[in-house]
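This is model_16.cif. It holds mmCIF, C-alpha atoms.
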```
data_upload
#
loop_
_atom_site.label_atom_id
_atom_site.label_comp_id
_atom_site.auth_asym_id
_atom_site.auth_seq_id
_atom_site.Cartn_x
_atom_site.Cartn_y
_atom_site.Cartn_z
CA LEU A 11 0.00 0.00 0.00
CA HIS A 12 2.76 2.42 0.88
CA ASP A 13 4.36 2.04 -2.57
CA ILE A 14 1.13 3.05 -4.27
CA PHE A 15 0.97 6.08 -1.95
CA GLU A 16 4.59 6.89 -2.92
CA ALA A 17 5.93 6.60 0.63
CA GLU A 18 9.50 5.49 1.16
CA ASN A 19 9.95 2.78 3.78
CA VAL A 20 13.27 3.30 5.60
CA TRP A 21 15.05 1.18 8.20
CA HIS A 22 15.81 3.28 11.28
CA ASP A 23 16.52 2.27 14.88
CA ASN A 24 15.75 -1.41 14.25
CA SER A 25 12.36 -0.78 12.66
CA TRP A 26 10.78 0.20 9.35
CA TRP A 27 9.38 3.74 9.18
CA LEU A 28 7.27 5.18 6.40
CA GLN A 29 8.26 8.63 5.26
CA GLN A 30 5.59 11.20 4.42
CA SER A 31 4.73 11.49 0.76
CA ALA A 32 2.55 14.61 1.13
CA ASN A 33 2.94 17.59 3.45
CA THR A 34 0.22 20.03 2.41
CA PRO A 35 -3.38 19.73 1.21
CA ASP A 36 -2.24 20.60 -2.33
CA GLU A 37 0.42 17.88 -2.23
CA LEU A 38 -2.14 15.40 -0.90
CA GLU A 39 -4.60 16.27 -3.67
CA ALA A 40 -1.86 15.83 -6.27
CA LEU A 41 -0.90 12.46 -4.73
CA LEU A 42 -4.51 11.27 -4.78
CA ASP A 43 -4.82 12.42 -8.41
CA ARG A 44 -1.75 10.33 -9.31
CA ILE A 45 -3.12 7.32 -7.44
CA ASP A 46 -6.44 7.62 -9.29
CA LYS A 47 -4.53 7.18 -12.56
CA LYS A 48 -2.49 4.17 -11.44
CA ASP A 49 -3.08 0.63 -12.62
CA ILE A 50 -2.93 -1.11 -9.25
CA ARG A 51 -2.28 -4.50 -10.85
CA LYS A 52 0.84 -3.13 -12.55
CA CYS A 53 1.93 -1.46 -9.30
CA ILE A 54 1.86 -4.62 -7.20
CA LEU A 55 2.86 -7.35 -9.66
CA PRO A 56 6.26 -7.60 -11.35
CA PRO A 57 6.42 -7.03 -15.12
CA ASP A 58 7.15 -10.73 -15.70
CA TRP A 59 4.34 -11.86 -13.42
CA GLU A 60 2.64 -14.18 -15.94
CA GLU A 61 5.85 -16.17 -16.38
CA ARG A 62 6.44 -16.33 -12.64
CA ARG A 63 2.82 -17.28 -11.98
CA GLN A 64 3.01 -20.13 -14.50
CA ALA A 65 6.11 -21.44 -12.73
CA LEU A 66 4.79 -21.07 -9.17
CA LEU A 67 1.17 -22.22 -9.29
CA PRO A 68 1.87 -25.75 -10.63
CA ARG A 69 4.23 -26.18 -7.67
CA GLY A 70 1.45 -25.19 -5.27
CA ILE A 71 2.95 -21.79 -4.49
CA LYS A 72 0.31 -19.06 -4.46
CA PRO A 73 0.86 -15.31 -4.27
CA TRP A 74 1.00 -13.70 -0.88
CA MET A 75 -2.44 -12.92 0.51
CA TYR A 76 -3.23 -9.40 1.61
CA ARG A 77 -4.97 -9.86 4.94
CA SER A 78 -3.14 -7.44 7.21
CA GLN A 79 -2.30 -3.76 7.03
CA ARG A 80 -1.30 -0.77 9.09
CA GLY A 81 -4.58 0.64 10.28
CA PRO A 82 -6.15 3.55 8.44
CA VAL A 83 -5.11 6.20 10.96
CA THR A 84 -1.56 4.91 11.37
CA PHE A 85 -1.20 4.61 7.61
CA ALA A 86 -2.66 8.07 6.97
CA THR A 87 -0.46 9.71 9.59
CA SER A 88 2.56 8.02 8.01
CA ILE A 89 1.63 9.32 4.57
CA TYR A 90 0.48 12.79 5.60
CA GLY A 91 1.61 13.43 9.19
CA ALA A 92 -0.29 13.20 12.47
CA GLU A 93 -1.06 16.89 12.95
CA ASN A 94 -1.75 17.30 9.25
CA LEU A 95 -4.36 14.53 9.32
CA ILE A 96 -6.13 15.98 12.34
CA PHE A 97 -6.30 19.45 10.78
CA LEU A 98 -7.34 17.95 7.44
CA ILE A 99 -10.32 16.18 9.03
CA LEU A 100 -11.34 19.38 10.86
CA GLU A 101 -10.68 21.93 8.12
CA ARG A 102 -10.98 20.03 4.82
CA PRO A 103 -13.35 17.12 5.49
CA GLU A 104 -14.04 16.62 1.79
CA LEU A 105 -10.35 16.05 1.09
CA ALA A 106 -10.04 13.86 4.21
CA ALA A 107 -12.97 11.78 2.92
CA ARG A 108 -11.27 11.44 -0.47
CA PHE A 109 -8.05 10.35 1.26
CA ARG A 110 -9.96 7.80 3.37
CA ASP A 111 -11.90 6.48 0.39
CA THR A 112 -8.73 6.16 -1.68
CA ILE A 113 -7.05 4.16 1.07
CA LEU A 114 -10.03 1.78 1.19
CA ARG A 115 -10.35 1.48 -2.58
CA VAL A 116 -6.67 0.66 -3.04
CA MET A 117 -6.73 -1.84 -0.18
CA LEU A 118 -9.73 -3.59 -1.71
CA ASP A 119 -8.02 -3.58 -5.12
CA ILE A 120 -4.80 -5.08 -3.74
CA ALA A 121 -6.66 -7.85 -1.91
CA ARG A 122 -8.88 -8.64 -4.91
CA ILE A 123 -5.99 -8.73 -7.38
CA LEU A 124 -3.83 -10.97 -5.20
CA ASP A 125 -6.79 -13.27 -4.53
CA GLU A 126 -7.53 -13.51 -8.26
CA GLU A 127 -3.89 -14.28 -9.03
CA ALA A 128 -3.96 -17.06 -6.43
CA GLY A 129 -7.08 -18.54 -8.04
CA TYR A 130 -9.52 -17.50 -5.34
CA THR A 131 -13.02 -16.20 -5.96
CA PRO A 132 -15.18 -14.19 -3.56
CA GLN A 133 -16.88 -17.47 -2.70
CA ASN A 134 -13.78 -19.52 -1.80
CA ARG A 135 -11.19 -16.96 -0.71
CA PRO A 136 -9.77 -17.20 2.80
CA ARG A 137 -11.53 -14.93 5.23
CA GLY A 138 -10.22 -12.55 7.84
CA PHE A 139 -8.42 -9.24 8.03
CA SER A 140 -6.28 -7.49 10.63
CA PHE A 141 -5.13 -3.96 11.28
CA MET A 142 -2.33 -2.53 13.41
CA ASP A 143 -3.48 0.97 14.24
CA ASP A 144 -1.54 2.42 17.16
CA ASN A 145 -2.33 5.95 15.99
CA CYS A 146 -6.09 5.47 16.18
CA CYS A 147 -5.84 7.03 19.65
CA LEU A 148 -4.93 10.38 18.08
CA LEU A 149 -8.47 10.94 16.79
CA THR A 150 -11.56 11.75 18.81
CA PRO A 151 -14.34 9.18 18.59
CA ASP A 152 -16.19 11.37 16.05
CA MET A 153 -13.06 11.83 13.95
CA TYR A 154 -12.36 8.09 14.07
CA GLU A 155 -15.93 7.30 13.06
CA PHE A 156 -15.49 9.63 10.08
CA PHE A 157 -12.00 8.57 8.97
CA GLY A 158 -10.90 5.22 10.39
CA PHE A 159 -14.09 3.26 10.87
CA PRO A 160 -15.24 3.33 7.21
CA VAL A 161 -11.98 1.64 6.17
CA LEU A 162 -12.36 -1.12 8.77
CA LYS A 163 -16.03 -1.49 7.90
CA GLY A 164 -15.24 -1.80 4.18
CA MET A 165 -12.46 -4.35 4.61
CA PHE A 166 -14.38 -6.40 7.15
CA ALA A 167 -17.49 -6.37 4.95
CA ALA A 168 -15.42 -7.78 2.10
CA TYR A 169 -13.13 -10.17 3.97
CA SER A 170 -14.88 -10.92 7.28
CA PRO A 171 -18.58 -10.61 6.50
CA ASP A 172 -19.88 -13.36 8.77
CA PRO A 173 -19.97 -13.35 12.59
CA GLY A 174 -17.45 -16.20 12.85
CA ASP A 175 -14.93 -14.62 10.48
CA TRP A 176 -11.64 -13.45 11.93
CA ARG A 177 -11.33 -9.69 12.57
CA TYR A 178 -8.53 -8.03 14.44
CA GLN A 179 -7.35 -4.56 15.30
CA HIS A 180 -4.26 -3.92 17.37
CA SER A 181 -3.43 -0.69 19.09
CA ASP A 182 -1.21 0.11 22.03
CA SER A 183 -3.95 2.50 23.18
CA ALA A 184 -7.02 1.49 25.16
CA MET A 185 -9.15 1.81 21.97
CA GLY A 186 -12.12 3.11 23.92
CA HIS A 187 -13.68 4.38 20.74
#
```
Could you rewrite the structure in this file as structure tokens?
Amino acid sequence: LHDIFEAENVWHDNSWWLQQSANTPDELEALLDRIDKKDIRKCILPPDWEERRQALLPRGIKPWMYRSQRGPVTFATSIYGAENLIFLILERPELAARFRDTILRVMLDIARILDEEAGYTPQNRPRGFSFMDDNCCLLTPDMYEFFGFPVLKGMFAAYSPDPGDWRYQHSDSAMGH
């Protein structure tokens, strides 16, 4: 996901850290415009994917499944900055909604494409999805309901639609909201 959002992932102090790829509302709008034009399949699969796929699948090796992701708030604050995201939600809710919706759309595209490449259909694909969203505590309950919750709701509706399906969200905060 971070590659599609043009964020560099750097190793620092024994951990991976995403670097911001937008710093202002204008930069965020331009980033979202670029993402809207991207062919997600071409972004996530290597150019020689068909050849690789033909070699791997007969050996029982399927593509990696996309069933876990940094949570929407943690991801958004990595891409745009913590304070920037809070001010964006308060001052430019239409752009914040576009950002949120783009995150969800790209996540759904990645999962669907990788499932298709592994030979899964919506009927037989493995179920479950998990998020790691330590930064969810930065938003008020209303802000989280506006920005974070729709992403979880969309992914869980697609990949954990039934009561017994696995759903998970991690945060180091109490997650009261």
Can you report as lines of an AutoDock Vina configuration file the centre and edge lengths in Å, to one decimal, of an axis-aligned box around the listed atoms of stretch 82-88 of chain A padded with 4 Å on each side?
```
center_x = -1.8
center_y = 6.6
center_z = 9.2
size_x = 16.7
size_y = 14.2
size_z = 12.4
```
Which residues fall under the PyMOL selection byres ((chain A and resi 82) around 8) in this file, as JSON, numbers by chain? {"A": [80, 81, 83, 84, 85, 86, 110, 113, 143, 146, 157, 158, 161, 162]}
Can you spit out the residues from that selection as a CSV table (one decimal), in the coordinates of the input, using C-alpha atoms?
```csv
chain,number,residue,atom,x,y,z
A,80,ARG,CA,-1.3,-0.8,9.1
A,81,GLY,CA,-4.6,0.6,10.3
A,83,VAL,CA,-5.1,6.2,11.0
A,84,THR,CA,-1.6,4.9,11.4
A,85,PHE,CA,-1.2,4.6,7.6
A,86,ALA,CA,-2.7,8.1,7.0
A,110,ARG,CA,-10.0,7.8,3.4
A,113,ILE,CA,-7.0,4.2,1.1
A,143,ASP,CA,-3.5,1.0,14.2
A,146,CYS,CA,-6.1,5.5,16.2
A,157,PHE,CA,-12.0,8.6,9.0
A,158,GLY,CA,-10.9,5.2,10.4
A,161,VAL,CA,-12.0,1.6,6.2
A,162,LEU,CA,-12.4,-1.1,8.8
```
Please provide as a VMD selection string all residues within 12 Å of A:Arg102, with the sequence filter that same-chain residues fewer than 5 positions apart are discarded (counting all atoms listed in the file). chain A and resid 34 to 36 38 to 39 94 to 97 107 to 109
What would the file look like if the residues just selected were written as a PDB file, in the frame of the given file with C-alpha atoms?
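See again03.pdb below for the written result:
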```pdb
ATOM      1  CA  THR A  34       0.220  20.030   2.410  1.00  0.00           C
ATOM      2  CA  PRO A  35      -3.380  19.730   1.210  1.00  0.00           C
ATOM      3  CA  ASP A  36      -2.240  20.600  -2.330  1.00  0.00           C
ATOM      4  CA  LEU A  38      -2.140  15.400  -0.900  1.00  0.00           C
ATOM      5  CA  GLU A  39      -4.600  16.270  -3.670  1.00  0.00           C
ATOM      6  CA  ASN A  94      -1.750  17.300   9.250  1.00  0.00           C
ATOM      7  CA  LEU A  95      -4.360  14.530   9.320  1.00  0.00           C
ATOM      8  CA  ILE A  96      -6.130  15.980  12.340  1.00  0.00           C
ATOM      9  CA  PHE A  97      -6.300  19.450  10.780  1.00  0.00           C
ATOM     10  CA  ALA A 107     -12.970  11.780   2.920  1.00  0.00           C
ATOM     11  CA  ARG A 108     -11.270  11.440  -0.470  1.00  0.00           C
ATOM     12  CA  PHE A 109      -8.050  10.350   1.260  1.00  0.00           C
TER      13      PHE A 109
END
```
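Candidate residues A:Met153, A:Met117, A:Leu41, A:Ala65 were compared for distance to A:Pro103, and the nearest is A:Met153, using all atoms listed in the file.
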Legend entry - Residues matched by the PyMOL selection byres ((chain A and resi 14-25) around 9) as a list in words: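 What the PyMOL selection byres ((chain A and resi 14-25) around 9) grabs from the file is Leu11, His12, Asp13, Trp26, Trp27, Leu28, Gln29, Gln30, Ser31, Ala32, Leu41, Leu42, Arg44, Ile45, Lys48, Ile50, Cys53, Ile54, Ser88, Ile89, Ile113 and Val116 of chain A.
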Filtering to C-alpha atoms, could you give me those residues as a PDB file, keeping the file's coordinate frame?
```
ATOM      1  CA  LEU A  11       0.000   0.000   0.000  1.00  0.00           C
ATOM      2  CA  HIS A  12       2.760   2.420   0.880  1.00  0.00           C
ATOM      3  CA  ASP A  13       4.360   2.040  -2.570  1.00  0.00           C
ATOM      4  CA  TRP A  26      10.780   0.200   9.350  1.00  0.00           C
ATOM      5  CA  TRP A  27       9.380   3.740   9.180  1.00  0.00           C
ATOM      6  CA  LEU A  28       7.270   5.180   6.400  1.00  0.00           C
ATOM      7  CA  GLN A  29       8.260   8.630   5.260  1.00  0.00           C
ATOM      8  CA  GLN A  30       5.590  11.200   4.420  1.00  0.00           C
ATOM      9  CA  SER A  31       4.730  11.490   0.760  1.00  0.00           C
ATOM     10  CA  ALA A  32       2.550  14.610   1.130  1.00  0.00           C
ATOM     11  CA  LEU A  41      -0.900  12.460  -4.730  1.00  0.00           C
ATOM     12  CA  LEU A  42      -4.510  11.270  -4.780  1.00  0.00           C
ATOM     13  CA  ARG A  44      -1.750  10.330  -9.310  1.00  0.00           C
ATOM     14  CA  ILE A  45      -3.120   7.320  -7.440  1.00  0.00           C
ATOM     15  CA  LYS A  48      -2.490   4.170 -11.440  1.00  0.00           C
ATOM     16  CA  ILE A  50      -2.930  -1.110  -9.250  1.00  0.00           C
ATOM     17  CA  CYS A  53       1.930  -1.460  -9.300  1.00  0.00           C
ATOM     18  CA  ILE A  54       1.860  -4.620  -7.200  1.00  0.00           C
ATOM     19  CA  SER A  88       2.560   8.020   8.010  1.00  0.00           C
ATOM     20  CA  ILE A  89       1.630   9.320   4.570  1.00  0.00           C
ATOM     21  CA  ILE A 113      -7.050   4.160   1.070  1.00  0.00           C
ATOM     22  CA  VAL A 116      -6.670   0.660  -3.040  1.00  0.00           C
TER      23      VAL A 116
END
```
Q. Hey, which of A:Ala92, A:Ala168, A:Leu66, A:Cys147 ends up closest to A:Ala128? Count all atoms listed in the file.
A.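 Looking at the shortest contact to A:Ala128, the residue is A:Leu66.
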task = Quick one: pull the distance between atom CA of A:Trp74 and atom CA of A:Arg137, Å, one decimal.
result =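 Computing the Euclidean distance for atom CA of A:Trp74 and atom CA of A:Arg137 yields 14.0 Å.
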If you count all atoms listed in the file, which residues fall within 8 Å of A:Arg77, apart from same-chain ones fewer than 3 positions away, as a compact mmCIF listing (two decimals) with C-alpha atoms, in the coordinates of the input?
```
# COMPACT_ATOMS: atom_id res chain seq x y z
CA ALA A 121 -6.66 -7.85 -1.91
CA GLY A 138 -10.22 -12.55 7.84
CA PHE A 139 -8.42 -9.24 8.03
CA SER A 140 -6.28 -7.49 10.63
```
In Å and to one decimal, atom CA of A:Arg177 is distant from atom CA of A:Tyr76 by 13.6 Å
What separation in Å, quoted to one decimal, exists between atom CA of A:Gly70 and atom CA of A:Ile123?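 That distance, rounded to one decimal, is 18.2 Å.
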*Best match for closeness to A:Leu124 among A:Pro68, A:Phe156, A:Pro136, A:Tyr90, counting all atoms listed in the file*: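 That would be A:Pro136, the residue with the smallest distance to A:Leu124.
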Using all atoms listed in the file, which residues of stretch 23-116 of chain A come within 10 Å of stretch 163-166 of chain A, and what is the closest atom pair for each, with the distance in Å to one decimal? Give it as JSON lines, sorted by chain and residue number.
```
{"residue": "A:Arg77", "atom": "CA", "partner": "A:Met165", "partner_atom": "CA", "distance": 9.3}
{"residue": "A:Asp111", "atom": "CA", "partner": "A:Gly164", "partner_atom": "CA", "distance": 9.7}
{"residue": "A:Leu114", "atom": "CA", "partner": "A:Gly164", "partner_atom": "CA", "distance": 7.0}
{"residue": "A:Arg115", "atom": "CA", "partner": "A:Gly164", "partner_atom": "CA", "distance": 9.0}
```
Using all atoms listed in the file, the residue out of A:Glu127, A:Thr112, A:Ser181, A:Asp49 with shortest distance to A:Asp144 is A:Ser181
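Considering the residues A:Arg51, A:Asp172, A:Thr87, A:Asp182 and counting all atoms listed in the file, A:Arg122 has its shortest atom-to-atom contact with A:Arg51.
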Margin query: Could you list, as a ChimeraX atom specification, every residue within 12 Å of A:Asn134, counting only C-alpha atoms and ignoring same-chain residues fewer than 5 positions away?
Written below: /A:125-126,128-129,169
Write to file, as a PDB file, keeping the file's coordinate frame, the residues of the selection just made, with C-alpha atoms.
```
ATOM      1  CA  ASP A 125      -6.790 -13.270  -4.530  1.00  0.00           C
ATOM      2  CA  GLU A 126      -7.530 -13.510  -8.260  1.00  0.00           C
ATOM      3  CA  ALA A 128      -3.960 -17.060  -6.430  1.00  0.00           C
ATOM      4  CA  GLY A 129      -7.080 -18.540  -8.040  1.00  0.00           C
ATOM      5  CA  TYR A 169     -13.130 -10.170   3.970  1.00  0.00           C
TER       6      TYR A 169
END
```
